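Encoded as structure tokens, the structure appears first; notes follow it.
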Amino acid sequence: MGTAPDVVVYTQLLCGFCYRAKRLLGDRGIAFREIDVTGNLELRAEMMAAAGGARTAPQIFINGFHVGGSDELAAAAASGELDRLLGDV
């Protein structure tokens, strides 16, 4: 069995889209590392640089690949792309 995928979710407080993304991952039993950028300009700049300038949270990465926000994560889950990114296919 291979190593677990590296899933990183940049979030901020009081963010419904962040909650939605974390719930989707949690409901599927996918472990992830959460990085809260609330009030932290350095972490927000890190997120924006990694996400090609995207300013909104959440921003989700799987094994270094930028998935996007919660809408993109949900679309990837619905299409089966999420399983492929996680190495489950």
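Every chain in the structure tokens takes a letter, A first, then B, and so on in the order presented; its residues are numbered from 1, and the ligands are numbered from 1 following the presented order.
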
Query raised in the report: DSSP says strand (DSSP E or B) for which residues of chain A? Put them as number ranges by chain?
Result: A: 7-11, 33-36, 59-62, 65-68

**Report entry** Residue contacts of range 35-52 of chain A (12 Å, only C-alpha atoms) excluding same-chain residues fewer than 3 positions away, as a ChimeraX atom specification
**Finding:** /A:7-15,18-19,22,32,55-61,64-69

Requested in this report: Name the closest residue to Ala76 in chain A among the candidates A:Gly53, A:Pro5, A:Gly26, A:Ile62; distances are taken between atoms, counting only C-alpha atoms.
Outcome: A:Ile62

Report task. Could you check how far CA of Ala75 in chain A sits from CA of Arg33 in chain A, in Å to one decimal? Result -> 20.7 Å

Query raised in the report: Tell me, which residues of chain A carry DSSP helix (DSSP H, G or I), written as a PyMOL selection string?
Result: chain A and resi 16-27+41-50+70-79+81-86

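Between CA of Asp83 in chain A and CA of Ala21 in chain A there is a distance of 15.1 Å.
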
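In this model, the gap between CA of Leu85 in chain A and CA of Arg23 in chain A comes to 17.9 Å.
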
Report summary line: Across A:Arg20, A:Gly29, A:Asn63, A:Leu73, the smallest distance to Leu86 in chain A, with only C-alpha atoms counted, is shown by A:Asn63
